[in-house]
Amino acid sequence: MDKKLVIAIDGPAASGKSTTAKLVANRLGYLYIDTGAMYRAMGLKAGQLGIPISDSGSIAAMAEATVITQKPGRKGVTTFLDGRDVSREIRTPEASQLASDISTIPAVRRRLVAQQQEMGKDGGVVMEGRDITTVVFPEAEVKVYMEASVEERARRRQAELARKGMPATLAEIEEQIRARDRQDSTRADSPLLRAAGALVIDTTGLTIELQVEMVLEEAFKAGARRE
Ligand code: DC
């Protein structure tokens with residue numbers, strides 16, 4: 001058996017998806033695709049152009065005219081918005097909220113989902129987001145739903161922001177995460193939910209190594225080649 005699989009991972013903010021997905025992709029020699037970064041870049045552009053998210057017609061037109069690409073590299077994935085590297089800008093708390101807001105607009109989702117399906121059509125990808133197991137690749141060979149307590153997720157996000165020189169209080173971050181969880185899981189179009197058949201991993205007390213092993217095990221069972 002030597003199949004190039006689609007490994008789809010969903011879960012709420014800071015549940016451990018990105019770290020796990022990146023390491024799994026490395027181990028299998030697959031491409032890692034961060035779909036959240038694509039929504040973040042769209043949100044950033046709307047913010048910079050001053051287009052209110054409530055103006056869904058203008059947002060749709062903007063999305064149609066926007067090109068978002070990702071390039072894997074040694075330091076992780078670089079995200080380009082219309083050719084400009086926005087990898088750092090898209091990680092602020094404001095950008096997180098804008099991404100969640102703009103991701104409620106169906107025209108934005110349609111454009112990005114089509115692009116994501118194109119990127120993964122030949123397999124050999126680990127793709128993470130909110131609707132990968134339910135909408136983008138519901139037939140993925142490996143489907144995983146990662147979650148963790150909100151307190152744990154806030155601690156992780158705080159550490160990540162501190163590393164990037166963006167300190168914030170735990171209470172502040174917890175509130176932002178709760179607001180985003182609420183919006184991402186209650187929106188009408190493609191809300192975050194656990195797909196049927198997805199392996200649910202609660203990462204609250206788990207080490208990253210163990211999370212990676214659990215996903216790899218699923219991948220090997222589904223026919224991925226052991227490197
Ligand atoms: O994974 P992330 O935190 O970088 O995602 C930022 C926002 O983008 C998230 O709050 C909701 C949206 N998103 C989405 O709607 N669908 C995806 N597949 C990925 C992200």
# chains A, B, ... in the order shown; residues from 1 in each chain; ligands from 1
call {"tool": "closest_atom_pairs", "arguments": {"of": "chain A", "to": "ligand 1", "cutoff": "6 Å", "atoms": "only C-alpha atoms and all ligand atoms", "output": "tab-separated table"}}
result
residue	atom	partner	partner_atom_place_in_ligand_line	distance
A:Ala13	CA	ligand 1	3 (O)	4.6
A:Thr35	CA	ligand 1	19 (C)	4.8
A:Gly36	CA	ligand 1	5 (O)	3.5
A:Ala37	CA	ligand 1	4 (O)	5.2
A:Tyr39	CA	ligand 1	8 (O)	4.8
A:Arg40	CA	ligand 1	6 (C)	5.7
A:Ser96	CA	ligand 1	6 (C)	5.4
A:Ala99	CA	ligand 1	7 (C)	4.5
A:Ser100	CA	ligand 1	10 (O)	3.9
A:Ser103	CA	ligand 1	15 (O)	4.6
A:Gly129	CA	ligand 1	18 (N)	3.5
A:Arg130	CA	ligand 1	18 (N)	4.1
A:Asp131	CA	ligand 1	18 (N)	4.8
A:Ile132	CA	ligand 1	18 (N)	5.8
A:Arg180	CA	ligand 1	10 (O)	5.5
A:Asp184	CA	ligand 1	11 (C)	5.6
call {"tool": "write_last_selection", "arguments": {"atoms": "N, CA and C atoms", "output": "PDB file, in the first residue's frame"}}
result
ATOM      1  N   ALA A  13     -10.119  27.185  17.559  1.00  0.00           N
ATOM      2  CA  ALA A  13      -8.866  27.936  17.657  1.00  0.00           C
ATOM      3  C   ALA A  13      -7.952  27.362  18.727  1.00  0.00           C
ATOM      4  N   THR A  35      -5.635  26.466   6.101  1.00  0.00           N
ATOM      5  CA  THR A  35      -6.739  27.197   5.462  1.00  0.00           C
ATOM      6  C   THR A  35      -7.153  28.421   6.279  1.00  0.00           C
ATOM      7  N   GLY A  36      -6.906  28.385   7.592  1.00  0.00           N
ATOM      8  CA  GLY A  36      -7.217  29.547   8.427  1.00  0.00           C
ATOM      9  C   GLY A  36      -6.450  30.776   7.953  1.00  0.00           C
ATOM     10  N   ALA A  37      -5.211  30.554   7.508  1.00  0.00           N
ATOM     11  CA  ALA A  37      -4.384  31.670   7.030  1.00  0.00           C
ATOM     12  C   ALA A  37      -5.029  32.329   5.810  1.00  0.00           C
ATOM     13  N   TYR A  39      -8.346  32.602   5.223  1.00  0.00           N
ATOM     14  CA  TYR A  39      -9.420  33.467   5.729  1.00  0.00           C
ATOM     15  C   TYR A  39      -8.827  34.692   6.427  1.00  0.00           C
ATOM     16  N   ARG A  40      -7.714  34.495   7.110  1.00  0.00           N
ATOM     17  CA  ARG A  40      -7.052  35.616   7.778  1.00  0.00           C
ATOM     18  C   ARG A  40      -6.605  36.659   6.752  1.00  0.00           C
ATOM     19  N   SER A  96      -7.431  37.745  13.765  1.00  0.00           N
ATOM     20  CA  SER A  96      -8.171  36.515  14.088  1.00  0.00           C
ATOM     21  C   SER A  96      -9.668  36.784  14.035  1.00  0.00           C
ATOM     22  N   ALA A  99     -10.910  37.442  10.513  1.00  0.00           N
ATOM     23  CA  ALA A  99     -10.969  36.180   9.751  1.00  0.00           C
ATOM     24  C   ALA A  99     -12.257  35.445  10.074  1.00  0.00           C
ATOM     25  N   SER A 100     -12.579  35.392  11.350  1.00  0.00           N
ATOM     26  CA  SER A 100     -13.803  34.707  11.760  1.00  0.00           C
ATOM     27  C   SER A 100     -15.020  35.427  11.168  1.00  0.00           C
ATOM     28  N   SER A 103     -15.274  34.905   7.374  1.00  0.00           N
ATOM     29  CA  SER A 103     -15.529  33.501   7.017  1.00  0.00           C
ATOM     30  C   SER A 103     -17.012  33.146   7.102  1.00  0.00           C
ATOM     31  N   GLY A 129      -8.427  23.215   9.295  1.00  0.00           N
ATOM     32  CA  GLY A 129      -9.307  24.373   9.316  1.00  0.00           C
ATOM     33  C   GLY A 129     -10.541  24.139  10.167  1.00  0.00           C
ATOM     34  N   ARG A 130     -11.719  24.559   9.643  1.00  0.00           N
ATOM     35  CA  ARG A 130     -12.969  24.380  10.385  1.00  0.00           C
ATOM     36  C   ARG A 130     -13.964  23.497   9.636  1.00  0.00           C
ATOM     37  N   ASP A 131     -13.793  23.430   8.292  1.00  0.00           N
ATOM     38  CA  ASP A 131     -14.781  22.718   7.467  1.00  0.00           C
ATOM     39  C   ASP A 131     -14.113  21.737   6.511  1.00  0.00           C
ATOM     40  N   ILE A 132     -12.912  21.325   6.839  1.00  0.00           N
ATOM     41  CA  ILE A 132     -12.183  20.448   5.900  1.00  0.00           C
ATOM     42  C   ILE A 132     -12.800  19.048   5.903  1.00  0.00           C
ATOM     43  N   ARG A 180     -14.827  33.669  19.223  1.00  0.00           N
ATOM     44  CA  ARG A 180     -14.562  33.050  17.923  1.00  0.00           C
ATOM     45  C   ARG A 180     -15.186  31.649  17.846  1.00  0.00           C
ATOM     46  N   ASP A 184     -17.733  30.715  14.986  1.00  0.00           N
ATOM     47  CA  ASP A 184     -17.340  29.682  14.022  1.00  0.00           C
ATOM     48  C   ASP A 184     -18.261  28.460  14.077  1.00  0.00           C
TER      49      ASP A 184
END
call {"tool": "residues_around", "arguments": {"residues": "Leu23 in chain A", "least_positions_apart": "3", "cutoff": "9 Å", "atoms": "only C-alpha atoms", "output": "tab-separated table (two decimals) with N, CA, C and O atoms, in the first residue's frame"}}
result
chain	number	residue	atom	x	y	z
A	18	SER	N	-2.59	23.14	14.07
A	18	SER	CA	-1.50	23.56	13.18
A	18	SER	C	-0.20	22.83	13.48
A	18	SER	O	0.46	22.30	12.58
A	19	THR	N	0.15	22.79	14.77
A	19	THR	CA	1.39	22.14	15.17
A	19	THR	C	1.36	20.67	14.76
A	19	THR	O	2.32	20.15	14.18
A	20	THR	N	0.24	20.02	15.05
A	20	THR	CA	0.12	18.60	14.72
A	20	THR	C	0.16	18.39	13.20
A	20	THR	O	0.90	17.53	12.70
A	26	ASN	N	5.30	16.74	7.70
A	26	ASN	CA	6.74	16.52	7.63
A	26	ASN	C	7.08	15.04	7.61
A	26	ASN	O	7.89	14.57	6.81
A	27	ARG	N	6.46	14.33	8.54
A	27	ARG	CA	6.77	12.89	8.68
A	27	ARG	C	6.39	12.11	7.43
A	27	ARG	O	7.04	11.12	7.08
A	28	LEU	N	5.29	12.52	6.77
A	28	LEU	CA	4.82	11.76	5.61
A	28	LEU	C	5.36	12.31	4.29
A	28	LEU	O	5.12	11.72	3.23
A	32	TYR	N	1.60	20.70	3.76
A	32	TYR	CA	0.76	21.20	4.84
A	32	TYR	C	-0.01	22.43	4.35
A	32	TYR	O	0.59	23.35	3.81
A	209	GLU	N	3.89	15.10	20.70
A	209	GLU	CA	4.37	13.83	20.10
A	209	GLU	C	3.23	12.82	20.02
A	209	GLU	O	3.06	12.14	19.01
A	212	VAL	N	0.65	13.69	17.37
A	212	VAL	CA	1.18	13.38	16.04
A	212	VAL	C	1.10	11.87	15.78
A	212	VAL	O	0.68	11.42	14.72
call {"tool": "closest_residue", "arguments": {"among": "A:Gln158, A:Thr79, A:Gln176, A:Thr186", "to": "Glu94 in chain A", "atoms": "only C-alpha atoms"}}
result
A:Gln176
call {"tool": "closest_atom_pairs", "arguments": {"of": "range 16-68 of chain A", "to": "range 137-145 of chain A", "cutoff": "12 Å", "atoms": "only C-alpha atoms", "output": "tab-separated table"}}
result
residue	atom	partner	partner_atom	distance
A:Gly16	CA	A:Tyr145	CA	10.3
A:Lys17	CA	A:Tyr145	CA	8.6
A:Thr20	CA	A:Val144	CA	10.8
A:Ala21	CA	A:Val144	CA	10.2
A:Val24	CA	A:Val142	CA	11.9
call {"tool": "select_by_dssp", "arguments": {"residues": "chain A", "states": "helix (DSSP H, G or I)", "output": "JSON, numbers by chain"}}
result
{"A": [17, 18, 19, 20, 21, 22, 23, 24, 25, 26, 27, 28, 35, 36, 37, 38, 39, 40, 41, 42, 43, 44, 45, 46, 47, 48, 49, 56, 57, 58, 59, 60, 61, 62, 63, 64, 89, 90, 91, 93, 94, 95, 96, 97, 98, 99, 100, 101, 102, 106, 107, 108, 109, 110, 111, 112, 113, 114, 115, 116, 117, 118, 119, 120, 132, 133, 134, 135, 136, 150, 151, 152, 153, 154, 155, 156, 157, 158, 159, 160, 161, 162, 163, 170, 171, 172, 173, 174, 175, 176, 177, 178, 179, 180, 181, 182, 183, 184, 185, 186, 208, 209, 210, 211, 212, 213, 214, 215, 216, 217, 218, 219, 220, 221]}
call {"tool": "closest_residue", "arguments": {"among": "A:Glu151, A:Asp10, A:Met127, A:Ser54", "to": "Ala195 in chain A", "atoms": "only C-alpha atoms"}}
result
A:Asp10
call {"tool": "residues_around", "arguments": {"residues": "Asp181 in chain A", "least_positions_apart": "4", "cutoff": "7 Å", "atoms": "only C-alpha atoms", "output": "PDB file with N, CA and C atoms, in the first residue's frame"}}
result
ATOM      1  N   PRO A  12     -11.466  23.826  16.904  1.00  0.00           N
ATOM      2  CA  PRO A  12     -11.523  25.244  17.254  1.00  0.00           C
ATOM      3  C   PRO A  12     -10.132  25.871  17.367  1.00  0.00           C
ATOM      4  N   ILE A 177     -11.161  33.887  22.353  1.00  0.00           N
ATOM      5  CA  ILE A 177     -11.343  32.508  21.874  1.00  0.00           C
ATOM      6  C   ILE A 177     -12.806  32.087  21.981  1.00  0.00           C
ATOM      7  N   SER A 185     -18.850  28.202  15.236  1.00  0.00           N
ATOM      8  CA  SER A 185     -19.674  26.988  15.314  1.00  0.00           C
ATOM      9  C   SER A 185     -21.167  27.263  15.186  1.00  0.00           C
TER      10      SER A 185
END
call {"tool": "residues_around", "arguments": {"residues": "Ile53 in chain A", "least_positions_apart": "3", "cutoff": "8 Å", "atoms": "only C-alpha atoms", "output": "list in words"}}
result
Ala46, Ser56, Ile59, Asp101 and Ile102 of chain A
call {"tool": "write_last_selection", "arguments": {"atoms": "all heavy atoms", "output": "mmCIF file, in the first residue's frame"}}
result
data_model
loop_
_atom_site.group_PDB
_atom_site.id
_atom_site.type_symbol
_atom_site.label_atom_id
_atom_site.label_comp_id
_atom_site.auth_asym_id
_atom_site.auth_seq_id
_atom_site.Cartn_x
_atom_site.Cartn_y
_atom_site.Cartn_z
ATOM 1 N N ALA A 46 -9.813 43.101 3.675
ATOM 2 C CA ALA A 46 -11.054 43.865 3.881
ATOM 3 C C ALA A 46 -10.805 44.984 4.893
ATOM 4 O O ALA A 46 -11.237 46.125 4.696
ATOM 5 C CB ALA A 46 -12.164 42.938 4.366
ATOM 6 N N SER A 56 -21.753 42.598 2.220
ATOM 7 C CA SER A 56 -21.333 41.311 1.660
ATOM 8 C C SER A 56 -21.125 41.381 0.143
ATOM 9 O O SER A 56 -20.316 40.624 -0.401
ATOM 10 C CB SER A 56 -22.305 40.200 2.040
ATOM 11 O OG SER A 56 -23.604 40.585 1.736
ATOM 12 N N ILE A 59 -17.630 42.686 -0.321
ATOM 13 C CA ILE A 59 -16.695 41.659 0.150
ATOM 14 C C ILE A 59 -16.576 40.542 -0.895
ATOM 15 O O ILE A 59 -15.483 40.064 -1.207
ATOM 16 C CB ILE A 59 -17.141 41.059 1.508
ATOM 17 C CG1 ILE A 59 -17.088 42.119 2.613
ATOM 18 C CG2 ILE A 59 -16.333 39.825 1.868
ATOM 19 C CD1 ILE A 59 -15.720 42.409 3.185
ATOM 20 N N ASP A 101 -14.984 36.758 11.178
ATOM 21 C CA ASP A 101 -16.110 37.539 10.638
ATOM 22 C C ASP A 101 -16.282 37.297 9.139
ATOM 23 O O ASP A 101 -17.376 37.007 8.669
ATOM 24 C CB ASP A 101 -15.877 39.048 10.873
ATOM 25 C CG ASP A 101 -15.885 39.417 12.347
ATOM 26 O OD1 ASP A 101 -16.369 38.611 13.168
ATOM 27 O OD2 ASP A 101 -15.395 40.515 12.681
ATOM 28 N N ILE A 102 -15.183 37.402 8.417
ATOM 29 C CA ILE A 102 -15.297 37.298 6.945
ATOM 30 C C ILE A 102 -15.628 35.864 6.514
ATOM 31 O O ILE A 102 -16.212 35.648 5.457
ATOM 32 C CB ILE A 102 -14.021 37.841 6.239
ATOM 33 C CG1 ILE A 102 -14.380 38.341 4.843
ATOM 34 C CG2 ILE A 102 -12.902 36.802 6.198
ATOM 35 C CD1 ILE A 102 -13.335 39.218 4.205
#
call {"tool": "atom_distance", "arguments": {"atom1": "CA of Ile90 in chain A", "atom2": "CA of Val200 in chain A"}}
result
27.8 Å
call {"tool": "atom_distance", "arguments": {"atom1": "CA of Arg157 in chain A", "atom2": "CA of Val136 in chain A"}}
result
26.0 Å
call {"tool": "residues_around", "arguments": {"residues": "Val126 in chain A", "least_positions_apart": "5", "cutoff": "7 Å", "atoms": "only C-alpha atoms", "output": "list in words"}}
result
Val6, Ile7, Ala8, Ala21, Ala25, Tyr30, Leu31, Tyr32 and Ile33 of chain A
call {"tool": "write_last_selection", "arguments": {"atoms": "all heavy atoms", "output": "short mmCIF file (atom, residue, chain, number, x, y, z; two decimals), in the first residue's frame"}}
result
data_model
loop_
_atom_site.label_atom_id
_atom_site.label_comp_id
_atom_site.auth_asym_id
_atom_site.auth_seq_id
_atom_site.Cartn_x
_atom_site.Cartn_y
_atom_site.Cartn_z
N VAL A 6 -5.48 12.29 1.57
CA VAL A 6 -5.88 13.59 2.10
C VAL A 6 -6.12 13.38 3.59
O VAL A 6 -6.91 12.53 3.99
CB VAL A 6 -7.17 14.12 1.44
CG1 VAL A 6 -7.65 15.38 2.15
CG2 VAL A 6 -6.93 14.42 -0.04
N ILE A 7 -5.39 14.14 4.40
CA ILE A 7 -5.59 14.11 5.85
C ILE A 7 -6.24 15.42 6.24
O ILE A 7 -5.65 16.50 6.07
CB ILE A 7 -4.25 13.90 6.58
CG1 ILE A 7 -3.63 12.57 6.12
CG2 ILE A 7 -4.45 13.93 8.10
CD1 ILE A 7 -2.29 12.24 6.74
N ALA A 8 -7.48 15.34 6.70
CA ALA A 8 -8.27 16.54 7.01
C ALA A 8 -8.38 16.69 8.52
O ALA A 8 -8.74 15.75 9.22
CB ALA A 8 -9.66 16.40 6.38
N ALA A 21 -0.62 19.20 12.48
CA ALA A 21 -0.72 19.03 11.03
C ALA A 21 0.65 19.21 10.36
O ALA A 21 1.03 18.44 9.49
CB ALA A 21 -1.73 20.02 10.46
N ALA A 25 2.62 16.29 8.37
CA ALA A 25 2.99 16.52 6.97
C ALA A 25 4.49 16.26 6.76
O ALA A 25 4.89 15.61 5.80
CB ALA A 25 2.62 17.94 6.56
N TYR A 30 4.25 15.13 3.08
CA TYR A 30 3.05 15.70 2.47
C TYR A 30 3.14 17.22 2.56
O TYR A 30 3.91 17.79 3.33
CB TYR A 30 1.79 15.26 3.24
CG TYR A 30 1.30 13.86 2.93
CD1 TYR A 30 2.09 12.93 2.25
CD2 TYR A 30 0.02 13.47 3.33
CE1 TYR A 30 1.61 11.65 2.00
CE2 TYR A 30 -0.47 12.20 3.07
CZ TYR A 30 0.33 11.29 2.40
OH TYR A 30 -0.15 10.04 2.15
N LEU A 31 2.24 17.87 1.79
CA LEU A 31 2.14 19.33 1.83
C LEU A 31 1.18 19.74 2.96
O LEU A 31 0.08 19.18 3.09
CB LEU A 31 1.59 19.82 0.49
CG LEU A 31 1.49 21.32 0.28
CD1 LEU A 31 2.87 21.97 0.28
CD2 LEU A 31 0.77 21.63 -1.04
N TYR A 32 1.60 20.70 3.76
CA TYR A 32 0.76 21.20 4.84
C TYR A 32 -0.01 22.43 4.35
O TYR A 32 0.59 23.35 3.81
CB TYR A 32 1.64 21.58 6.04
CG TYR A 32 0.96 22.49 7.03
CD1 TYR A 32 -0.18 22.06 7.72
CD2 TYR A 32 1.43 23.77 7.28
CE1 TYR A 32 -0.81 22.90 8.62
CE2 TYR A 32 0.80 24.61 8.18
CZ TYR A 32 -0.33 24.17 8.84
OH TYR A 32 -0.97 25.00 9.72
N ILE A 33 -1.32 22.43 4.51
CA ILE A 33 -2.12 23.59 4.06
C ILE A 33 -2.92 24.15 5.22
O ILE A 33 -3.75 23.47 5.83
CB ILE A 33 -3.04 23.20 2.88
CG1 ILE A 33 -2.19 22.70 1.70
CG2 ILE A 33 -3.90 24.40 2.45
CD1 ILE A 33 -2.98 22.07 0.59
#
call {"tool": "residues_around", "arguments": {"residues": "Leu49 in chain A", "least_positions_apart": "4", "cutoff": "12 Å", "atoms": "only C-alpha atoms", "output": "PyMOL selection string"}}
result
chain A and resi 42-45+53+58-59+62
call {"tool": "residues_around", "arguments": {"residues": "Ser87 in chain A", "least_positions_apart": "6", "cutoff": "12 Å", "atoms": "only C-alpha atoms", "output": "MDAnalysis selection string"}}
result
chainID A and resid 34 36:38 40:41 44 68:72 75:81 95 164
call {"tool": "write_last_selection", "arguments": {"atoms": "C-alpha atoms", "output": "CSV table (one decimal), in the first residue's frame"}}
result
chain,number,residue,atom,x,y,z
A,34,ASP,CA,-3.3,26.1,6.6
A,36,GLY,CA,-7.2,29.5,8.4
A,37,ALA,CA,-4.4,31.7,7.0
A,38,MET,CA,-6.4,32.1,3.8
A,40,ARG,CA,-7.1,35.6,7.8
A,41,ALA,CA,-5.6,37.1,4.6
A,44,LEU,CA,-6.8,41.5,6.6
A,68,ILE,CA,-3.9,34.1,-1.8
A,69,THR,CA,-1.1,31.6,-2.0
A,70,GLN,CA,1.0,29.7,0.4
A,71,LYS,CA,4.6,28.6,0.1
A,72,PRO,CA,6.1,26.0,2.5
A,75,LYS,CA,10.5,28.4,8.9
A,76,GLY,CA,6.9,27.2,8.2
A,77,VAL,CA,4.4,28.3,5.7
A,78,THR,CA,4.5,31.8,4.2
A,79,THR,CA,1.2,33.3,3.2
A,80,PHE,CA,1.0,35.8,0.3
A,81,LEU,CA,-1.9,38.2,-0.2
A,95,ALA,CA,-6.8,39.6,12.3
A,164,LYS,CA,5.9,36.9,18.6
call {"tool": "closest_residue", "arguments": {"among": "A:Arg153, A:Lys22, A:Gly29, A:Phe220", "to": "Arg178 in chain A", "atoms": "only C-alpha atoms"}}
result
A:Arg153
call {"tool": "select_by_dssp", "arguments": {"residues": "range 15-205 of chain A", "states": "strand (DSSP E or B)", "output": "PDB file with N, CA and C atoms, in the first residue's frame"}}
result
ATOM      1  N   LEU A  31       2.245  17.873   1.790  1.00  0.00           N
ATOM      2  CA  LEU A  31       2.136  19.329   1.827  1.00  0.00           C
ATOM      3  C   LEU A  31       1.183  19.736   2.958  1.00  0.00           C
ATOM      4  N   TYR A  32       1.603  20.702   3.757  1.00  0.00           N
ATOM      5  CA  TYR A  32       0.758  21.202   4.842  1.00  0.00           C
ATOM      6  C   TYR A  32      -0.013  22.425   4.346  1.00  0.00           C
ATOM      7  N   ILE A  33      -1.315  22.432   4.510  1.00  0.00           N
ATOM      8  CA  ILE A  33      -2.115  23.586   4.057  1.00  0.00           C
ATOM      9  C   ILE A  33      -2.920  24.155   5.224  1.00  0.00           C
ATOM     10  N   ASP A  34      -2.640  25.418   5.517  1.00  0.00           N
ATOM     11  CA  ASP A  34      -3.262  26.139   6.631  1.00  0.00           C
ATOM     12  C   ASP A  34      -4.403  26.985   6.063  1.00  0.00           C
ATOM     13  N   ILE A  68      -4.660  34.471  -3.024  1.00  0.00           N
ATOM     14  CA  ILE A  68      -3.942  34.089  -1.805  1.00  0.00           C
ATOM     15  C   ILE A  68      -3.169  32.804  -2.087  1.00  0.00           C
ATOM     16  N   THR A  69      -1.877  32.822  -1.800  1.00  0.00           N
ATOM     17  CA  THR A  69      -1.073  31.622  -2.030  1.00  0.00           C
ATOM     18  C   THR A  69      -0.238  31.320  -0.790  1.00  0.00           C
ATOM     19  N   GLN A  70       0.191  30.079  -0.693  1.00  0.00           N
ATOM     20  CA  GLN A  70       1.033  29.677   0.436  1.00  0.00           C
ATOM     21  C   GLN A  70       2.257  28.964  -0.101  1.00  0.00           C
ATOM     22  N   LYS A  71       3.383  29.238   0.556  1.00  0.00           N
ATOM     23  CA  LYS A  71       4.617  28.582   0.132  1.00  0.00           C
ATOM     24  C   LYS A  71       5.265  27.933   1.346  1.00  0.00           C
ATOM     25  N   PRO A  72       5.466  26.618   1.314  1.00  0.00           N
ATOM     26  CA  PRO A  72       6.124  25.979   2.452  1.00  0.00           C
ATOM     27  C   PRO A  72       7.609  26.321   2.466  1.00  0.00           C
ATOM     28  N   GLY A  73       8.152  26.476   3.655  1.00  0.00           N
ATOM     29  CA  GLY A  73       9.574  26.785   3.742  1.00  0.00           C
ATOM     30  C   GLY A  73      10.134  26.219   5.035  1.00  0.00           C
ATOM     31  N   GLY A  76       8.372  27.360   8.257  1.00  0.00           N
ATOM     32  CA  GLY A  76       6.927  27.177   8.248  1.00  0.00           C
ATOM     33  C   GLY A  76       6.358  27.686   6.939  1.00  0.00           C
ATOM     34  N   VAL A  77       5.066  27.941   6.948  1.00  0.00           N
ATOM     35  CA  VAL A  77       4.399  28.325   5.708  1.00  0.00           C
ATOM     36  C   VAL A  77       4.357  29.847   5.595  1.00  0.00           C
ATOM     37  N   THR A  78       4.666  30.351   4.404  1.00  0.00           N
ATOM     38  CA  THR A  78       4.542  31.789   4.157  1.00  0.00           C
ATOM     39  C   THR A  78       3.248  32.023   3.385  1.00  0.00           C
ATOM     40  N   THR A  79       2.471  32.998   3.845  1.00  0.00           N
ATOM     41  CA  THR A  79       1.199  33.303   3.183  1.00  0.00           C
ATOM     42  C   THR A  79       1.321  34.623   2.427  1.00  0.00           C
ATOM     43  N   PHE A  80       0.924  34.603   1.154  1.00  0.00           N
ATOM     44  CA  PHE A  80       0.988  35.801   0.318  1.00  0.00           C
ATOM     45  C   PHE A  80      -0.422  36.273  -0.024  1.00  0.00           C
ATOM     46  N   LEU A  81      -0.639  37.568   0.162  1.00  0.00           N
ATOM     47  CA  LEU A  81      -1.911  38.192  -0.209  1.00  0.00           C
ATOM     48  C   LEU A  81      -1.620  39.083  -1.413  1.00  0.00           C
ATOM     49  N   ARG A  84       1.968  39.729  -1.699  1.00  0.00           N
ATOM     50  CA  ARG A  84       2.692  40.345  -0.575  1.00  0.00           C
ATOM     51  C   ARG A  84       2.698  39.388   0.618  1.00  0.00           C
ATOM     52  N   ASP A  85       3.869  39.222   1.250  1.00  0.00           N
ATOM     53  CA  ASP A  85       3.988  38.324   2.412  1.00  0.00           C
ATOM     54  C   ASP A  85       3.260  38.947   3.612  1.00  0.00           C
ATOM     55  N   VAL A 125      -1.675  15.662   1.053  1.00  0.00           N
ATOM     56  CA  VAL A 125      -1.799  16.923   1.792  1.00  0.00           C
ATOM     57  C   VAL A 125      -2.343  16.681   3.201  1.00  0.00           C
ATOM     58  N   VAL A 126      -1.907  17.528   4.104  1.00  0.00           N
ATOM     59  CA  VAL A 126      -2.522  17.608   5.429  1.00  0.00           C
ATOM     60  C   VAL A 126      -3.130  19.008   5.485  1.00  0.00           C
ATOM     61  N   MET A 127      -4.455  19.056   5.521  1.00  0.00           N
ATOM     62  CA  MET A 127      -5.144  20.340   5.460  1.00  0.00           C
ATOM     63  C   MET A 127      -5.922  20.549   6.745  1.00  0.00           C
ATOM     64  N   GLU A 128      -5.741  21.728   7.350  1.00  0.00           N
ATOM     65  CA  GLU A 128      -6.462  21.962   8.612  1.00  0.00           C
ATOM     66  C   GLU A 128      -7.304  23.228   8.564  1.00  0.00           C
ATOM     67  N   GLY A 129      -8.427  23.215   9.295  1.00  0.00           N
ATOM     68  CA  GLY A 129      -9.307  24.373   9.316  1.00  0.00           C
ATOM     69  C   GLY A 129     -10.541  24.139  10.167  1.00  0.00           C
ATOM     70  N   VAL A 142      -8.465  10.258   5.901  1.00  0.00           N
ATOM     71  CA  VAL A 142      -8.248  10.436   7.346  1.00  0.00           C
ATOM     72  C   VAL A 142      -8.922  11.733   7.782  1.00  0.00           C
ATOM     73  N   LYS A 143      -9.822  11.608   8.763  1.00  0.00           N
ATOM     74  CA  LYS A 143     -10.510  12.794   9.284  1.00  0.00           C
ATOM     75  C   LYS A 143     -10.295  12.862  10.795  1.00  0.00           C
ATOM     76  N   VAL A 144      -9.889  14.036  11.245  1.00  0.00           N
ATOM     77  CA  VAL A 144      -9.565  14.206  12.666  1.00  0.00           C
ATOM     78  C   VAL A 144     -10.229  15.480  13.176  1.00  0.00           C
ATOM     79  N   TYR A 145     -10.774  15.396  14.379  1.00  0.00           N
ATOM     80  CA  TYR A 145     -11.320  16.582  15.041  1.00  0.00           C
ATOM     81  C   TYR A 145     -10.536  16.776  16.332  1.00  0.00           C
ATOM     82  N   MET A 146      -9.824  17.920  16.439  1.00  0.00           N
ATOM     83  CA  MET A 146      -9.018  18.166  17.635  1.00  0.00           C
ATOM     84  C   MET A 146      -9.683  19.218  18.503  1.00  0.00           C
ATOM     85  N   GLU A 147      -9.676  18.989  19.795  1.00  0.00           N
ATOM     86  CA  GLU A 147     -10.240  19.976  20.719  1.00  0.00           C
ATOM     87  C   GLU A 147      -9.411  20.002  21.997  1.00  0.00           C
ATOM     88  N   LEU A 199     -11.877  10.991  13.846  1.00  0.00           N
ATOM     89  CA  LEU A 199     -11.236  10.610  15.108  1.00  0.00           C
ATOM     90  C   LEU A 199     -11.183  11.871  15.978  1.00  0.00           C
ATOM     91  N   VAL A 200     -11.777  11.807  17.160  1.00  0.00           N
ATOM     92  CA  VAL A 200     -11.773  12.982  18.036  1.00  0.00           C
ATOM     93  C   VAL A 200     -10.590  12.883  19.000  1.00  0.00           C
ATOM     94  N   ILE A 201      -9.752  13.911  18.999  1.00  0.00           N
ATOM     95  CA  ILE A 201      -8.605  13.921  19.907  1.00  0.00           C
ATOM     96  C   ILE A 201      -8.726  15.130  20.828  1.00  0.00           C
ATOM     97  N   ASP A 202      -8.869  14.878  22.123  1.00  0.00           N
ATOM     98  CA  ASP A 202      -8.849  15.980  23.090  1.00  0.00           C
ATOM     99  C   ASP A 202      -7.403  16.159  23.511  1.00  0.00           C
TER     100      ASP A 202
END
